[in-house]
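Below is one structure, written out as structure tokens, with a few remarks after it.
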Amino acid sequence: MKHTLIRITILSLLLFGTTAHAAVIKIATLSPDGTAWMKKMRLAAKEIATRTDKRVKIKFYPGGVMGDENAILRKMRINQLQGAAISSGALTRYYKDTSLYGLPFLFESQEEVLYVRKHMDELMVKGLKKKGLISFGLAGSGFVYFLSNNPILSIDDLKKEKFWVPDNANARNTVKAFALKPIPLPFGDVLAGLQTHLINTIASSPIASIALQWHTQVKYLTDMPVLYSWATLVVSKKAMDKLNKKDHATVHTVMSPAFKEIDTENQADNKAALAALKNQGINFIKPTKAQYTEWKNIALKGNKKLIEKGYNSQSMYKLVKKHIADYQKKIKLTKRN
């Protein structure tokens, strides 16, 4: 009887111990507070806290207060942070194929992107999970365009400018094909760099340029989608594994649909952002067909070299190209009919 009471007491302490202390998941992002993304994530976090009786609390650190993306990932490795809402390029150190969708001039339209993503997003999520990161889905930031203070129509035009790229190896490798000498800066330093003329040309999606106020420092937008950008919300697998099965499922049940909504809304927001940039006086300029062909041919050769050097896996690249070809065939058949 005595031993039975002891076992019951220990079991009770364990049960109470698991419910008395909330699991706090700290998530950092460069996204400014007050953006549609942050509002959506805060609502999801509130719902998770309610559904788990506050056993799971999510705390956000927006606006780059935890440093740039490299700093955020370092803090995740030492468990100072458990998660990040982060760009795909920064995640290549974990899973190299996160940069695959962002190869220059790989896609020609949003519809083409969505077709490929329908077949391949889950592979991206699984790839990150194998590396210890749980992703709740991909949210497209949209196509990236050149925004500049001088007209950028040709590759030679860009070579004359002080061109910014994100401060990560993926971005630097991506522009090598164009024989550029870019200026790498953390995202948080871009606005100051434009204001002080350290840089005068950036590549950004419309919604990001407005959210981060970069658009206030440029005069031109080159109306030519350069590459596709996306971001994701990741939480370390270690942090997720500490949750009980029910709470683990709840986080997925709430976060995954929320991120899907962000992805869908971003598509409409990017169109609206393009219109807003035009309305605010930014000049939209379009390369000639010959200039566009030059951009694309050099980009595709550069992409091939990146694959050959192992920056992306051959199998995933071939799969992307297959889905693009399948989509183009369907479009041709639709037009014929």
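The way I read the labels, and the way they are meant: chains A, B, ... in the order of the structure tokens, residue 1 as the first residue of every chain, and ligand 1 as the first ligand shown, with later ones counted on from there.
Residues in contact with Phe143 (chain A) at 6 Å, where only C-alpha atoms are counted and same-chain residues fewer than 2 positions away are skipped, are listed as Ser205, Pro225, Leu227 and Tyr228 of chain A.
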- Can you list every residue in region 179-236 of chain A that DSSP puts in strand (DSSP E or B), as a list in words? Ile183, Pro184, Leu185, Thr201, Ile202, Ala203, Ser204, Tyr220, Leu221, Thr222, Asp223, Met224, Pro225, Val226, Leu227, Tyr228, Ser229, Trp230, Ala231, Thr232, Leu233, Val234, Val235 and Ser236 of chain A
With C-alpha atoms retained, could you export that selection as an mmCIF file, in the first residue's frame?
data_model
loop_
_atom_site.group_PDB
_atom_site.id
_atom_site.type_symbol
_atom_site.label_atom_id
_atom_site.label_comp_id
_atom_site.auth_asym_id
_atom_site.auth_seq_id
_atom_site.Cartn_x
_atom_site.Cartn_y
_atom_site.Cartn_z
ATOM 1 C CA ILE A 183 27.057 45.047 -51.931
ATOM 2 C CA PRO A 184 25.808 42.524 -49.353
ATOM 3 C CA LEU A 185 23.907 43.988 -46.412
ATOM 4 C CA THR A 201 19.587 49.548 -56.545
ATOM 5 C CA ILE A 202 17.777 46.673 -54.855
ATOM 6 C CA ALA A 203 15.832 43.591 -55.858
ATOM 7 C CA SER A 204 12.633 43.167 -53.898
ATOM 8 C CA TYR A 220 12.329 53.218 -61.073
ATOM 9 C CA LEU A 221 10.932 49.702 -61.192
ATOM 10 C CA THR A 222 12.123 47.409 -63.970
ATOM 11 C CA ASP A 223 8.951 45.644 -65.072
ATOM 12 C CA MET A 224 10.585 42.235 -65.447
ATOM 13 C CA PRO A 225 10.122 39.478 -62.855
ATOM 14 C CA VAL A 226 13.644 38.442 -61.905
ATOM 15 C CA LEU A 227 13.015 35.608 -59.477
ATOM 16 C CA TYR A 228 10.378 34.204 -57.160
ATOM 17 C CA SER A 229 10.674 34.727 -53.414
ATOM 18 C CA TRP A 230 9.029 33.006 -50.507
ATOM 19 C CA ALA A 231 9.261 32.726 -46.757
ATOM 20 C CA THR A 232 8.180 30.265 -44.127
ATOM 21 C CA LEU A 233 7.564 29.924 -40.428
ATOM 22 C CA VAL A 234 9.822 27.298 -38.879
ATOM 23 C CA VAL A 235 10.044 26.009 -35.336
ATOM 24 C CA SER A 236 12.797 23.693 -34.165
#
- Can you list, as a VMD selection string, every protein, DNA or RNA residue that comes within 7 Å of Asn170 (chain A) when you count only C-alpha atoms, leaving out same-chain residues fewer than 3 positions away? chain A and resid 89 173 to 174
- Task: Extract, using only C-alpha atoms, all DNA, RNA and protein residues at most 10 Å from region 103-114 of chain A, discarding same-chain residues fewer than 6 positions from it, and format them as a ChimeraX atom specification.
- Result: /A:120-121,140,142-144,170-171,174-175,177,224-229,267,292,295-300,302-304,306,312,317,320-321,323-328,331
- Message: If I take CA of Asp156 (chain A) and CA of Lys301 (chain A), how far is one from the other in Å, to one decimal?
- Response: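 Distance between the two atoms: 17.5 Å.
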- Task: Work out how far apart CA of Phe136 (chain A) and CA of Ser256 (chain A) are and give it in Å to one decimal.
- Result: 4.8 Å
- Task: Taking the chain letters and numbering used in this document, name the residues of region 60-283 of chain A that DSSP puts in helix (DSSP H, G or I), as a ChimeraX atom specification.
- Result: /A:69-77,88-93,96-102,110-130,155-159,169-174,176-178,187-195,206-211,214-217,237-241,245-279
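With only C-alpha atoms as the atoms that count, the residue of A:Ala90, A:Leu81, A:Thr50, A:Ala258 with the shortest distance to Arg172 (chain A) is A:Ala90.
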- Item | Point-to-point distance from CA of Glu294 (chain A) to CA of Phe178 (chain A), Å rounded to tenths | 10.4 Å
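Excluding Arg42 (chain A) itself and any same-chain residue fewer than 2 positions from it, the protein and nucleic acid residues within 12 Å of it, counting only C-alpha atoms, are Ile27, Asp33, Gly34, Thr35, Ala36, Trp37, Met38, Lys39, Lys40, Ala44, Ala45, Lys46, Glu47, Ile48, Ala49, Lys57, Ile58, Lys59, Phe60, Tyr61, Pro62, Val254, Met255, Ala258 and Phe259 of chain A.
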Output file for the selection above: N, CA, C and O atoms, as an mmCIF file, in the first residue's frame:
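Final output, part_35.cif:
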data_model
loop_
_atom_site.group_PDB
_atom_site.id
_atom_site.type_symbol
_atom_site.label_atom_id
_atom_site.label_comp_id
_atom_site.auth_asym_id
_atom_site.auth_seq_id
_atom_site.Cartn_x
_atom_site.Cartn_y
_atom_site.Cartn_z
ATOM 1 N N ILE A 27 9.586 33.254 -31.305
ATOM 2 C CA ILE A 27 9.752 33.331 -32.758
ATOM 3 C C ILE A 27 10.162 34.743 -33.170
ATOM 4 O O ILE A 27 9.498 35.720 -32.802
ATOM 5 N N ASP A 33 6.196 44.897 -36.980
ATOM 6 C CA ASP A 33 4.946 44.689 -36.259
ATOM 7 C C ASP A 33 3.846 45.520 -36.917
ATOM 8 O O ASP A 33 4.097 46.592 -37.457
ATOM 9 N N GLY A 34 2.631 45.014 -36.876
ATOM 10 C CA GLY A 34 1.518 45.747 -37.470
ATOM 11 C C GLY A 34 1.224 45.369 -38.900
ATOM 12 O O GLY A 34 0.193 45.764 -39.448
ATOM 13 N N THR A 35 2.106 44.591 -39.540
ATOM 14 C CA THR A 35 1.842 44.142 -40.905
ATOM 15 C C THR A 35 0.752 43.078 -40.879
ATOM 16 O O THR A 35 0.456 42.479 -39.835
ATOM 17 N N ALA A 36 0.160 42.828 -42.046
ATOM 18 C CA ALA A 36 -0.900 41.818 -42.135
ATOM 19 C C ALA A 36 -0.386 40.459 -41.677
ATOM 20 O O ALA A 36 -1.103 39.704 -41.008
ATOM 21 N N TRP A 37 0.874 40.162 -42.029
ATOM 22 C CA TRP A 37 1.469 38.885 -41.621
ATOM 23 C C TRP A 37 1.503 38.769 -40.113
ATOM 24 O O TRP A 37 1.088 37.761 -39.534
ATOM 25 N N MET A 38 1.994 39.809 -39.433
ATOM 26 C CA MET A 38 2.117 39.755 -37.977
ATOM 27 C C MET A 38 0.741 39.676 -37.309
ATOM 28 O O MET A 38 0.553 38.960 -36.321
ATOM 29 N N LYS A 39 -0.225 40.393 -37.842
ATOM 30 C CA LYS A 39 -1.571 40.344 -37.271
ATOM 31 C C LYS A 39 -2.135 38.928 -37.351
ATOM 32 O O LYS A 39 -2.748 38.431 -36.400
ATOM 33 N N LYS A 40 -1.918 38.299 -38.504
ATOM 34 C CA LYS A 40 -2.420 36.937 -38.698
ATOM 35 C C LYS A 40 -1.730 35.961 -37.741
ATOM 36 O O LYS A 40 -2.372 35.091 -37.142
ATOM 37 N N ALA A 44 -3.278 33.677 -34.596
ATOM 38 C CA ALA A 44 -3.068 32.233 -34.525
ATOM 39 C C ALA A 44 -2.462 31.849 -33.177
ATOM 40 O O ALA A 44 -2.865 30.848 -32.564
ATOM 41 N N ALA A 45 -1.505 32.650 -32.711
ATOM 42 C CA ALA A 45 -0.873 32.372 -31.423
ATOM 43 C C ALA A 45 -1.884 32.456 -30.278
ATOM 44 O O ALA A 45 -1.867 31.642 -29.341
ATOM 45 N N LYS A 46 -2.765 33.433 -30.363
ATOM 46 C CA LYS A 46 -3.808 33.594 -29.341
ATOM 47 C C LYS A 46 -4.742 32.385 -29.330
ATOM 48 O O LYS A 46 -5.137 31.883 -28.260
ATOM 49 N N GLU A 47 -5.090 31.904 -30.532
ATOM 50 C CA GLU A 47 -5.971 30.742 -30.628
ATOM 51 C C GLU A 47 -5.296 29.496 -30.072
ATOM 52 O O GLU A 47 -5.939 28.671 -29.391
ATOM 53 N N ILE A 48 -4.006 29.346 -30.341
ATOM 54 C CA ILE A 48 -3.264 28.196 -29.823
ATOM 55 C C ILE A 48 -3.237 28.229 -28.294
ATOM 56 O O ILE A 48 -3.449 27.199 -27.626
ATOM 57 N N ALA A 49 -2.994 29.397 -27.726
ATOM 58 C CA ALA A 49 -2.986 29.524 -26.264
ATOM 59 C C ALA A 49 -4.337 29.143 -25.671
ATOM 60 O O ALA A 49 -4.414 28.455 -24.644
ATOM 61 N N LYS A 57 2.461 28.812 -25.381
ATOM 62 C CA LYS A 57 2.433 30.251 -25.637
ATOM 63 C C LYS A 57 3.477 30.590 -26.697
ATOM 64 O O LYS A 57 4.599 30.088 -26.653
ATOM 65 N N ILE A 58 3.073 31.423 -27.631
ATOM 66 C CA ILE A 58 3.998 31.839 -28.684
ATOM 67 C C ILE A 58 4.280 33.332 -28.511
ATOM 68 O O ILE A 58 3.359 34.142 -28.443
ATOM 69 N N LYS A 59 5.554 33.650 -28.429
ATOM 70 C CA LYS A 59 5.972 35.038 -28.261
ATOM 71 C C LYS A 59 6.752 35.480 -29.492
ATOM 72 O O LYS A 59 7.699 34.803 -29.906
ATOM 73 N N PHE A 60 6.345 36.590 -30.077
ATOM 74 C CA PHE A 60 6.983 37.080 -31.298
ATOM 75 C C PHE A 60 7.950 38.225 -31.012
ATOM 76 O O PHE A 60 7.706 39.061 -30.127
ATOM 77 N N TYR A 61 9.018 38.244 -31.792
ATOM 78 C CA TYR A 61 9.996 39.329 -31.753
ATOM 79 C C TYR A 61 10.105 39.885 -33.179
ATOM 80 O O TYR A 61 10.941 39.429 -33.972
ATOM 81 N N PRO A 62 9.251 40.844 -33.541
ATOM 82 C CA PRO A 62 9.212 41.339 -34.925
ATOM 83 C C PRO A 62 10.214 42.466 -35.169
ATOM 84 O O PRO A 62 10.905 42.936 -34.252
ATOM 85 N N VAL A 254 -3.749 24.955 -36.213
ATOM 86 C CA VAL A 254 -3.993 26.405 -36.256
ATOM 87 C C VAL A 254 -3.014 27.114 -37.192
ATOM 88 O O VAL A 254 -3.413 27.945 -38.015
ATOM 89 N N MET A 255 -1.736 26.793 -37.087
ATOM 90 C CA MET A 255 -0.703 27.529 -37.824
ATOM 91 C C MET A 255 -0.717 27.247 -39.324
ATOM 92 O O MET A 255 -0.528 28.157 -40.139
ATOM 93 N N ALA A 258 -3.414 29.160 -41.156
ATOM 94 C CA ALA A 258 -3.101 30.594 -41.071
ATOM 95 C C ALA A 258 -2.038 30.961 -42.092
ATOM 96 O O ALA A 258 -2.127 31.994 -42.765
ATOM 97 N N PHE A 259 -1.032 30.094 -42.222
ATOM 98 C CA PHE A 259 0.026 30.384 -43.185
ATOM 99 C C PHE A 259 -0.465 30.245 -44.614
ATOM 100 O O PHE A 259 -0.021 30.963 -45.511
#
- Task: Name the closest residue to Leu158 (chain A) among the candidates A:His119, A:Thr216, A:Leu180, A:Pro257; distances are taken between atoms, counting only C-alpha atoms.
- Result: A:Leu180
- Rank nothing, just name the residue among A:Gly137, A:Gly127, A:Gly132, A:Gly64 nearest to Asp241 (chain A), using only C-alpha atoms. A:Gly132
- Query: Could you name the residues that touch Asp189 (chain A) at 12 Å or less, counting only C-alpha atoms, but leaving out those on the same chain fewer than 4 positions away, as number ranges by chain?
  - Reply: A: 30, 64, 67-68, 164-167, 183-185, 193-199, 212-214
- Query: What lies within 12 Å of Ser313 (chain A) using only C-alpha atoms, ignoring chain neighbours under 5 positions off, as a PyMOL selection string?
  - Reply: chain A and resi 92+95-100+127+303-308+318-320
Please produce a file of those selected residues containing N, CA, C and O atoms, as a compact mmCIF listing (two decimals), in the first residue's frame.
# COMPACT_ATOMS: atom_id res chain seq x y z
N THR A 92 19.11 27.90 -46.59
CA THR A 92 19.89 26.96 -47.40
C THR A 92 20.97 26.25 -46.59
O THR A 92 21.42 25.17 -46.96
N TYR A 95 18.82 23.27 -45.50
CA TYR A 95 18.32 22.45 -46.61
C TYR A 95 18.52 23.25 -47.90
O TYR A 95 17.83 24.23 -48.15
N LYS A 96 19.48 22.84 -48.70
CA LYS A 96 19.93 23.66 -49.82
C LYS A 96 18.86 23.92 -50.86
O LYS A 96 18.89 24.95 -51.54
N ASP A 97 17.87 23.04 -50.98
CA ASP A 97 16.88 23.21 -52.03
C ASP A 97 15.81 24.26 -51.71
O ASP A 97 14.92 24.50 -52.53
N THR A 98 15.90 24.90 -50.53
CA THR A 98 14.99 26.02 -50.28
C THR A 98 15.23 27.17 -51.25
O THR A 98 14.36 28.01 -51.45
N SER A 99 16.41 27.21 -51.86
CA SER A 99 16.71 28.28 -52.82
C SER A 99 16.26 27.94 -54.24
O SER A 99 16.38 28.77 -55.15
N LEU A 100 15.72 26.74 -54.43
CA LEU A 100 15.42 26.27 -55.78
C LEU A 100 14.39 27.15 -56.50
O LEU A 100 14.59 27.52 -57.67
N GLY A 127 11.92 18.28 -46.52
CA GLY A 127 13.36 18.50 -46.52
C GLY A 127 13.81 19.27 -45.29
O GLY A 127 14.83 18.95 -44.67
N ASN A 303 22.17 29.18 -63.67
CA ASN A 303 21.42 28.19 -62.89
C ASN A 303 22.00 26.80 -63.07
O ASN A 303 22.14 26.03 -62.12
N LYS A 304 22.34 26.49 -64.30
CA LYS A 304 22.91 25.17 -64.62
C LYS A 304 24.23 24.97 -63.87
O LYS A 304 24.49 23.89 -63.33
N LYS A 305 25.04 26.02 -63.80
CA LYS A 305 26.33 25.91 -63.09
C LYS A 305 26.12 25.71 -61.60
O LYS A 305 26.85 24.95 -60.95
N LEU A 306 25.11 26.41 -61.04
CA LEU A 306 24.82 26.24 -59.62
C LEU A 306 24.42 24.80 -59.30
O LEU A 306 24.82 24.24 -58.29
N ILE A 307 23.64 24.21 -60.21
CA ILE A 307 23.22 22.82 -60.02
C ILE A 307 24.43 21.89 -60.12
O ILE A 307 24.61 20.99 -59.30
N GLU A 308 25.27 22.13 -61.11
CA GLU A 308 26.45 21.29 -61.32
C GLU A 308 27.40 21.36 -60.13
O GLU A 308 28.06 20.37 -59.78
N LYS A 318 15.54 18.88 -61.68
CA LYS A 318 14.88 18.18 -62.79
C LYS A 318 13.38 18.09 -62.57
O LYS A 318 12.59 18.20 -63.52
N LEU A 319 12.98 17.91 -61.33
CA LEU A 319 11.56 17.82 -61.02
C LEU A 319 10.85 19.16 -61.25
O LEU A 319 9.75 19.21 -61.81
N VAL A 320 11.49 20.24 -60.84
CA VAL A 320 10.94 21.57 -61.11
C VAL A 320 10.78 21.79 -62.61
O VAL A 320 9.72 22.23 -63.08
